[in-house]
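J.: What follows is a single structure, and I will ask about it in a moment.
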Amino acid sequence: MNRAPGSFWLGALVLALAALGASLASVAQDRVLEGGDVAAAWGGGELGVRLTRLEQALPAIEAHGWRRVAIVRSAGSNPMIGLLQQRLYPAVVVPIWQGQSDLERGFTAARKVGAEGLVRMSKAGQVELFAVPAPGVQR
Amino acid sequence: MGTLAFGVAWALAFAAGISSLRALGRRDLWTPEGVGLGLLLGATWTAVLAAALSLFQLVGAATLGGALAIVAALAWQRGSKRAALDAAPQEPTTTRDWATFLPALLVVGLTLFQAFGRPVYNVDAQRRWVLRAQATAAEGTLVPTSFTDEALATSHPSYPPLVPALAALALTLGADRDTGMRPGFPLFLFALLGVLHGFVRRRAGPSAALLLTSAVALTPALGLTDQLGLGAAAAHADVALAAFLTALAVLVLEAERPASLPLIAAVALGAVWTKNEGMAFVLVMGVTTLVVNLRTPRGLRASATLLASALVGIVLWKWLARDMPVAPGEDYVSGGILAVLAANLERLPTILERLGAEFLTWRLWGLAWLAVPVALALGLARRAPRGFWLLALWLAAGIALVVAAYVATGWKDNNYSVLMEVSLARLIAHHVPLAFLMWAYLLAPRAEAGE
C-alpha cells in the first residue's frame with residue numbers, strides 16, 4: 001500500500017478540527033445551560049425539581065443523626081437513591097418498596113432493614129421525613 | 001483544594017508510574033505514550049499499595065501518598081543508575097509527537113472543563129465507585145467493614161479496587177466528595193489516547209497517529225458525551241478499563257520493545273483490578289494470545305506473563321474481598337456459569353438485535369463500529385499481518401463476553417433488557433479502541449505493516 005496523498009491527510013485534519021470545534025461549542029453550551037448541580041446534570045424537569053428538593057433536605061436528614069435510613073422506591077427514583085446513598089455516607093441508605101401509599105407498611109419494611117429513619121417523596125414531589133417508631137408505637 | 005486534590009493524587013501516582021517506567025529502561029518517557037503509560041502504572045501502584053495498607057486499615061493521605069512518593073524516589077534512583085550504565089542515548093521527544101497529539105489533548109482538556117466543579121450525578125458513579133472511595137477513605141481499607149452490610153451489596157463492594165483506591169487517595173487529600181471527583185477521571189482518557197498515539201505513530205506514521213488519535217478522542221462515548229455515565233468526565237471505571245486494555249493490547253503486539261514483560265504484568269494487573277469485565281477479558285486475551293503465539297518464544301513469554309499476572313491479581317483481590325457481599329442475581333462465577341448460559345440462550349436474538357442497534361448509534365460511536373467490517377474486508381484483501389487479526393480476535397472475544405454477560409445475568413429478576421439499556425454502551429466502550437488499533441495496520445505502508 002502506498003502512503004495516502006497529502007490532500008487526504010489535509011482533508012482528514014480539517015474534518016478532525018471541525019469535529020473538535022463542534023465538540024467545544026457543545027460542551028460550552030452544556031455548561032452554560034446546565035450549571036453545576038445534580039438536578040441540572042439530570043436534565044432538569046420534574047426529576048430535577050425532586051432532586052433539588054432532596055438535596056435541600058439533606059441537612060435536615062443529617063440533623064436527625066440516623067445511622068440507617070430507608071428510602072421508599074418508586075418509578076424513576078434511582079437518581080434520588082444514588083444521591084442519598086453518596087451524600088449521607090457514613091449513614092447507610094436502604095431502598096424499600098413499601099410505604100408510598102401506606103406509611104405503616106413503610107415503617108414495617110424500614111424496621112425489617114433496621115432503619116431509624118424513613119424518607120419518601122410525596123405525590124406532589126415534596127420530601128417527607130419520618131422517624132421509624134418502635135413496633136406497636138402509634139405515631 | 002476540594003476540586004484540585006484529585007490532581008495531587010494523580011501527581012503522586014504519576015511520579016511512581018513514570019519513575020517505574022524509567023527504572024525499567026524505557027526511553028520514551030516524555031512522549032504522550034510515555035506519559036500515558038506512566039499514568040496507568042501509577043494507578044496500578046496506587047491500587048497495589050492501597051491493598052497492602054488495607055491489611056492494617058492504614059489507607060490515608062500520609063501512608064498511601066508517602067508510599068507512592070517512596071516508590072517514585074526509589075524507582076527514579078534505580079533509573080538513574082541504569083541510565084549511567086547504559087550508553088544508548090535517550091530517545092528524543094520530538095515536538096511532532098505532541099503536535100500530532102494536540103487535537104486529542106484538546107479533547108482531554110474539554111472533558112476536564114466538562115468535569116470541573118460539577119457534582120457526581122450518575123447513579124452507578126455515586127453508589128459504586130465514589131461511595132466505595134468514601135468508605136475506603138473513612139475506614140482506611142479497600143474492604144470496609146461497613147460494606148459487609150447486605151444492604152450495600154448493590155454498591156458492589158466486591159468489584160475491583162483500582163478506581164476506588166485512586167479516588168480514596170484524592171478524598172484523603174481533601175477532595176470534595178461531590179465536585180472533586182469527576183476532574184480525576186479524564187486522565188484515563190489521556191492515557192488511552194497517549195498509548196494509542198504511540199502505537200499508530202510507529203506503525204503508520206505521524207499523520208495516521210494524528211487522524212486515529214483524534215478519531216478516538218472525538219468518539220463521544222469515550223470522550224465528551226455526558227449520557228448513560230459514558231464519557232471521560234463520568235466518575236466511572238469504563239474509560240479507565242478501556243485505557244488499560246488498549247495499553248495491554250499494544251504491549252502484547254509489540255512484545256519485542258524494551259521492558260515489555262514487566263509492563264505487560266503491571267498493566268494486566270491494573271486491568272483486572274479495574275473492573276470485573278477486565279478480569280474476564282484479560283484471561284480470554286491471554287488464552288487467545290497463547291494459542292496464536294504457540295510457536296514463537298517471545299509471544300509465549302508475553303502470553304504467560306499476562307496470564308500469570310492476571311491470575312495472581314484475580315486471586316489476590318478475591319481473597320481480600322472475601323467478606324464483601326454480592327448482589328442477588330449478580331454472582332456470575334459460583335452459580336455454574338455454563339449451566340446458566342445454556343439455560344438462558346433464548347435471550348440471544350433480543351441481545352444481538354439490541355447490540356446491532358447500539359453499533360449504529362452514531363451519536364455515541366460515530367463511525368467506529370461501522371468501520372470494523374470495512375477494516376476486516378481491507379485486511380482480507382491486503383493480507384493484513386498477524387497483529388491485525390489478533391486485534392480482530394480480541395475485539396470479537398470482547399463483544400462475545402459482553403453478550404455472554406447479558407445471557408447469564410440475573411439482575412433484578414432477570415431483567416436483562418433493562419440492564420442492556422443502562423449498561424451496554426459502557427461495556428462495549430471497553431473494546432472500541434481495539435477497532436481503531438486495527439486501522440493502524442491498514443494505514444501503514446505495506447513494507448512496514450508486514451511482520
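Going by the C-alpha cells order, chains are called A, B, ..., each with residues numbered from 1, while ligands are numbered from 1 in the order shown.
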For chain A, work out the contacting residues on chain B at 8 Å, counting only C-alpha atoms, and write them as a CSV table (one decimal) with N, CA and C atoms, in the first residue's frame.
T.:
```csv
chain,number,residue,atom,x,y,z
B,103,PRO,N,-4.8,17.7,19.0
B,103,PRO,CA,-6.3,17.6,19.0
B,103,PRO,C,-6.8,16.7,20.1
B,107,VAL,N,-9.2,17.6,23.4
B,107,VAL,CA,-10.4,16.9,23.8
B,107,VAL,C,-10.3,16.6,25.3
B,110,LEU,N,-11.1,19.5,27.2
B,110,LEU,CA,-12.6,19.8,27.2
B,110,LEU,C,-13.3,18.9,28.2
B,114,GLN,N,-15.5,20.0,31.3
B,114,GLN,CA,-16.8,19.5,31.5
B,114,GLN,C,-17.0,19.0,32.9
B,117,GLY,N,-15.7,21.2,38.8
B,117,GLY,CA,-16.7,21.9,39.6
B,117,GLY,C,-18.1,21.4,39.5
B,118,ARG,N,-18.3,20.2,38.9
B,118,ARG,CA,-19.6,19.6,38.8
B,118,ARG,C,-19.7,18.4,39.6
B,119,PRO,N,-20.9,18.1,40.1
B,119,PRO,CA,-21.1,17.0,41.1
B,119,PRO,C,-21.2,15.7,40.4
B,120,VAL,N,-20.8,14.6,41.1
B,120,VAL,CA,-21.1,13.3,40.6
B,120,VAL,C,-22.6,13.1,40.6
B,121,TYR,N,-23.1,12.7,39.5
B,121,TYR,CA,-24.6,12.6,39.5
B,121,TYR,C,-25.1,11.2,39.0
B,122,ASN,N,-24.3,10.5,38.2
B,122,ASN,CA,-24.8,9.2,37.7
B,122,ASN,C,-24.9,8.2,38.8
B,123,VAL,N,-26.0,7.4,38.8
B,123,VAL,CA,-26.3,6.6,40.0
B,123,VAL,C,-25.2,5.6,40.2
B,124,ASP,N,-24.7,4.9,39.2
B,124,ASP,CA,-23.6,4.0,39.4
B,124,ASP,C,-22.3,4.6,39.9
B,126,GLN,N,-22.2,7.3,41.8
B,126,GLN,CA,-22.5,7.6,43.2
B,126,GLN,C,-22.5,6.4,44.1
B,127,ARG,N,-23.2,5.4,43.7
B,127,ARG,CA,-23.5,4.2,44.6
B,127,ARG,C,-22.3,3.3,44.6
B,130,VAL,N,-17.8,6.1,43.8
B,130,VAL,CA,-17.5,7.2,44.7
B,130,VAL,C,-17.8,6.8,46.2
B,131,LEU,N,-19.0,6.1,46.4
B,131,LEU,CA,-19.3,5.6,47.7
B,131,LEU,C,-18.3,4.7,48.3
B,134,GLN,N,-15.4,6.7,49.3
B,134,GLN,CA,-15.7,7.4,50.6
B,134,GLN,C,-15.5,6.5,51.8
B,135,ALA,N,-15.9,5.2,51.6
B,135,ALA,CA,-15.8,4.3,52.7
B,135,ALA,C,-14.3,3.9,52.9
B,151,ALA,N,-27.2,-4.8,52.8
B,151,ALA,CA,-28.0,-3.7,52.2
B,151,ALA,C,-27.1,-3.0,51.2
B,152,LEU,N,-25.8,-3.1,51.3
B,152,LEU,CA,-24.9,-2.4,50.4
B,152,LEU,C,-24.4,-3.3,49.2
B,178,ASP,N,-18.4,15.7,46.3
B,178,ASP,CA,-19.4,15.9,45.3
B,178,ASP,C,-18.7,16.5,44.0
B,207,SER,N,1.0,11.2,10.6
B,207,SER,CA,-0.3,11.7,10.1
B,207,SER,C,-1.4,10.7,10.5
B,210,LEU,N,-2.1,11.2,14.1
B,210,LEU,CA,-3.0,12.4,14.3
B,210,LEU,C,-4.5,12.0,14.0
B,211,LEU,N,-4.7,11.4,12.9
B,211,LEU,CA,-6.0,11.1,12.4
B,211,LEU,C,-6.7,10.1,13.4
B,214,SER,N,-7.2,11.5,17.0
B,214,SER,CA,-8.3,12.4,17.1
B,214,SER,C,-9.6,11.7,16.9
B,215,ALA,N,-9.7,10.7,16.1
B,215,ALA,CA,-11.0,10.0,15.9
B,215,ALA,C,-11.4,9.3,17.2
B,218,LEU,N,-12.6,11.9,19.7
B,218,LEU,CA,-13.9,12.5,19.3
B,218,LEU,C,-15.0,11.5,19.2
B,224,LEU,N,-16.6,13.0,25.1
B,224,LEU,CA,-17.4,14.2,25.6
B,224,LEU,C,-18.8,14.0,26.0
B,443,LEU,N,-3.4,1.6,7.6
B,443,LEU,CA,-2.9,2.8,7.2
B,443,LEU,C,-1.4,2.8,7.0
B,444,ALA,N,-0.7,1.7,7.4
B,444,ALA,CA,0.7,1.6,7.4
B,444,ALA,C,1.2,1.4,5.9
B,445,PRO,N,2.3,1.9,5.6
B,445,PRO,CA,2.9,1.5,4.3
B,445,PRO,C,3.1,0.0,4.3
B,446,ARG,N,2.9,-0.7,3.2
B,446,ARG,CA,2.8,-2.2,3.2
B,446,ARG,C,4.1,-2.8,3.7
```
J.: Skip Leu192 in chain B itself and residues of its chain fewer than 3 positions away, then list as a PDB file with C-alpha atoms, in the first residue's frame all residues within 10 Å of it, counting only C-alpha atoms.
T.:
```pdb
ATOM      1  CA  PRO B  32       2.243  11.172  25.002  1.00  0.00           C
ATOM      2  CA  GLU B  33       2.645   7.385  25.169  1.00  0.00           C
ATOM      3  CA  GLY B  36       0.032   7.675  29.340  1.00  0.00           C
ATOM      4  CA  LEU B  37       1.848   4.545  30.479  1.00  0.00           C
ATOM      5  CA  LEU B  39      -0.408   7.298  34.492  1.00  0.00           C
ATOM      6  CA  LEU B  40      -1.569   3.692  34.145  1.00  0.00           C
ATOM      7  CA  PRO B 186     -10.288  12.408  32.219  1.00  0.00           C
ATOM      8  CA  LEU B 187      -6.645  11.444  32.808  1.00  0.00           C
ATOM      9  CA  PHE B 188      -7.597   7.870  31.969  1.00  0.00           C
ATOM     10  CA  LEU B 189      -8.692   9.161  28.559  1.00  0.00           C
ATOM     11  CA  VAL B 195      -0.723   4.829  24.250  1.00  0.00           C
ATOM     12  CA  LEU B 196      -2.770   4.560  21.063  1.00  0.00           C
ATOM     13  CA  HIS B 197      -0.919   7.536  19.566  1.00  0.00           C
ATOM     14  CA  THR B 213      -5.986   9.541  17.910  1.00  0.00           C
ATOM     15  CA  VAL B 216     -10.834   8.056  19.181  1.00  0.00           C
ATOM     16  CA  ALA B 217     -10.831  11.261  21.213  1.00  0.00           C
ATOM     17  CA  LEU B 222     -15.209   7.725  25.197  1.00  0.00           C
ATOM     18  CA  VAL B 239     -12.731   4.646  30.203  1.00  0.00           C
ATOM     19  CA  ALA B 240     -10.117   3.537  32.726  1.00  0.00           C
ATOM     20  CA  LEU B 241     -10.598  -0.092  31.706  1.00  0.00           C
ATOM     21  CA  ALA B 242     -10.559   0.869  28.015  1.00  0.00           C
ATOM     22  CA  ALA B 243      -7.194   2.568  28.641  1.00  0.00           C
ATOM     23  CA  PHE B 244      -5.720  -0.482  30.400  1.00  0.00           C
ATOM     24  CA  LEU B 245      -6.968  -2.872  27.707  1.00  0.00           C
ATOM     25  CA  THR B 246      -5.606  -0.647  24.935  1.00  0.00           C
ATOM     26  CA  ALA B 247      -2.221  -0.492  26.631  1.00  0.00           C
ATOM     27  CA  PRO B 433     -10.199   1.311  20.900  1.00  0.00           C
TER      28      PRO B 433
END
```
J.: At a cut-off of 9 Å, using only C-alpha atoms, what residues contact Gln98 in chain A? Leave out same-chain residues fewer than 5 positions from it and give the result as a PyMOL selection string.
T.: chain A and resi 72-73+103-110
J.: Just write the chosen residues, N, CA and C atoms, as a PDB file, in the first residue's frame.
T.:
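Saved to selection30.pdb:
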```pdb
ATOM      1  N   VAL A  72     -38.147   5.198  50.263  1.00  0.00           N
ATOM      2  CA  VAL A  72     -39.207   4.485  49.549  1.00  0.00           C
ATOM      3  C   VAL A  72     -38.949   4.592  48.052  1.00  0.00           C
ATOM      4  N   ARG A  73     -38.857   3.422  47.435  1.00  0.00           N
ATOM      5  CA  ARG A  73     -38.651   3.363  45.982  1.00  0.00           C
ATOM      6  C   ARG A  73     -39.934   3.709  45.245  1.00  0.00           C
ATOM      7  N   LEU A 103     -48.137   4.381  54.918  1.00  0.00           N
ATOM      8  CA  LEU A 103     -46.954   4.693  55.724  1.00  0.00           C
ATOM      9  C   LEU A 103     -46.618   3.582  56.715  1.00  0.00           C
ATOM     10  N   GLU A 104     -47.669   2.958  57.278  1.00  0.00           N
ATOM     11  CA  GLU A 104     -47.405   1.906  58.266  1.00  0.00           C
ATOM     12  C   GLU A 104     -46.637   0.743  57.637  1.00  0.00           C
ATOM     13  N   ARG A 105     -47.000   0.414  56.398  1.00  0.00           N
ATOM     14  CA  ARG A 105     -46.263  -0.665  55.699  1.00  0.00           C
ATOM     15  C   ARG A 105     -44.812  -0.233  55.452  1.00  0.00           C
ATOM     16  N   GLY A 106     -44.651   1.035  55.215  1.00  0.00           N
ATOM     17  CA  GLY A 106     -43.301   1.568  55.047  1.00  0.00           C
ATOM     18  C   GLY A 106     -42.485   1.416  56.322  1.00  0.00           C
ATOM     19  N   PHE A 107     -43.131   1.718  57.465  1.00  0.00           N
ATOM     20  CA  PHE A 107     -42.429   1.567  58.746  1.00  0.00           C
ATOM     21  C   PHE A 107     -42.050   0.110  58.992  1.00  0.00           C
ATOM     22  N   THR A 108     -42.997  -0.780  58.664  1.00  0.00           N
ATOM     23  CA  THR A 108     -42.712  -2.210  58.868  1.00  0.00           C
ATOM     24  C   THR A 108     -41.496  -2.619  58.028  1.00  0.00           C
ATOM     25  N   ALA A 109     -41.497  -2.193  56.773  1.00  0.00           N
ATOM     26  CA  ALA A 109     -40.362  -2.527  55.891  1.00  0.00           C
ATOM     27  C   ALA A 109     -39.077  -1.874  56.392  1.00  0.00           C
ATOM     28  N   ALA A 110     -39.182  -0.646  56.851  1.00  0.00           N
ATOM     29  CA  ALA A 110     -37.998   0.070  57.351  1.00  0.00           C
ATOM     30  C   ALA A 110     -37.434  -0.624  58.588  1.00  0.00           C
TER      31      ALA A 110
END
```
J.: Between CA of Ser19 in chain B and CA of Trp45 in chain B, what is the distance, to one decimal in Å?
T.: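 Interatomic distance, CA of Ser19 in chain B to CA of Trp45 in chain B: 11.3 Å.
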J.: Any idea what's packed within 12 Å of Trp98 in chain B, counting only C-alpha atoms, ignoring anything in its chain fewer than 5 positions away? Could you give it as a ChimeraX atom specification?
T.: /B:30-35,93,103-106,193-194,197-198,201,206,209-210,213
J.: Considering only C-alpha atoms, give me a table of residues in range 138-213 of chain B that are at most 7 Å from range 59-80 of chain B, with the closest atom pair and distance in Å for each, as CSV.
T.:
```
residue,atom,partner,partner_atom,distance
B:Gly140,CA,B:Val59,CA,4.2
B:Thr141,CA,B:Val59,CA,5.7
B:Leu169,CA,B:Ala61,CA,6.0
B:Thr172,CA,B:Ala61,CA,5.0
B:Leu173,CA,B:Ala61,CA,5.4
```
J.: In range 7-110 of chain A, what's alpha helix (DSSP H) per DSSP? Answer as a PyMOL selection string?
T.: chain A and resi 7-34+38-41+45-64+78-88+103-110
J.: Please indicate the distance in Å from CA of Gly299 in chain B to CA of Ala255 in chain B, rounded to one decimal place.
T.: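 Distance reported for this atom pair: 6.9 Å.
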J.: What is the CA of Ala13 in chain B to CA of Ala168 in chain B distance in Å?
T.: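 Computing the Euclidean distance for CA of Ala13 in chain B and CA of Ala168 in chain B yields 12.5 Å.
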J.: Which residue is closest to Asp102 in chain A? Choose from A:Leu47, A:Ser122, A:Glu116, A:Ala60 and count only C-alpha atoms.
T.: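 Using only C-alpha atoms, the shortest distance to Asp102 in chain A belongs to A:Ser122.
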J.: Need the shell around Gly2 in chain B: protein/DNA/RNA residues with any atom at most 9 Å away, counting only C-alpha atoms. Skip same-chain ones fewer than 4 positions apart. Format as a list in words?
T.: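 Near Gly2 in chain B, the qualifying residues are Phe6, Leu171, Leu173, Gly174, Ala175, Asp176, Arg177, Thr179 and Gly180 of chain B.
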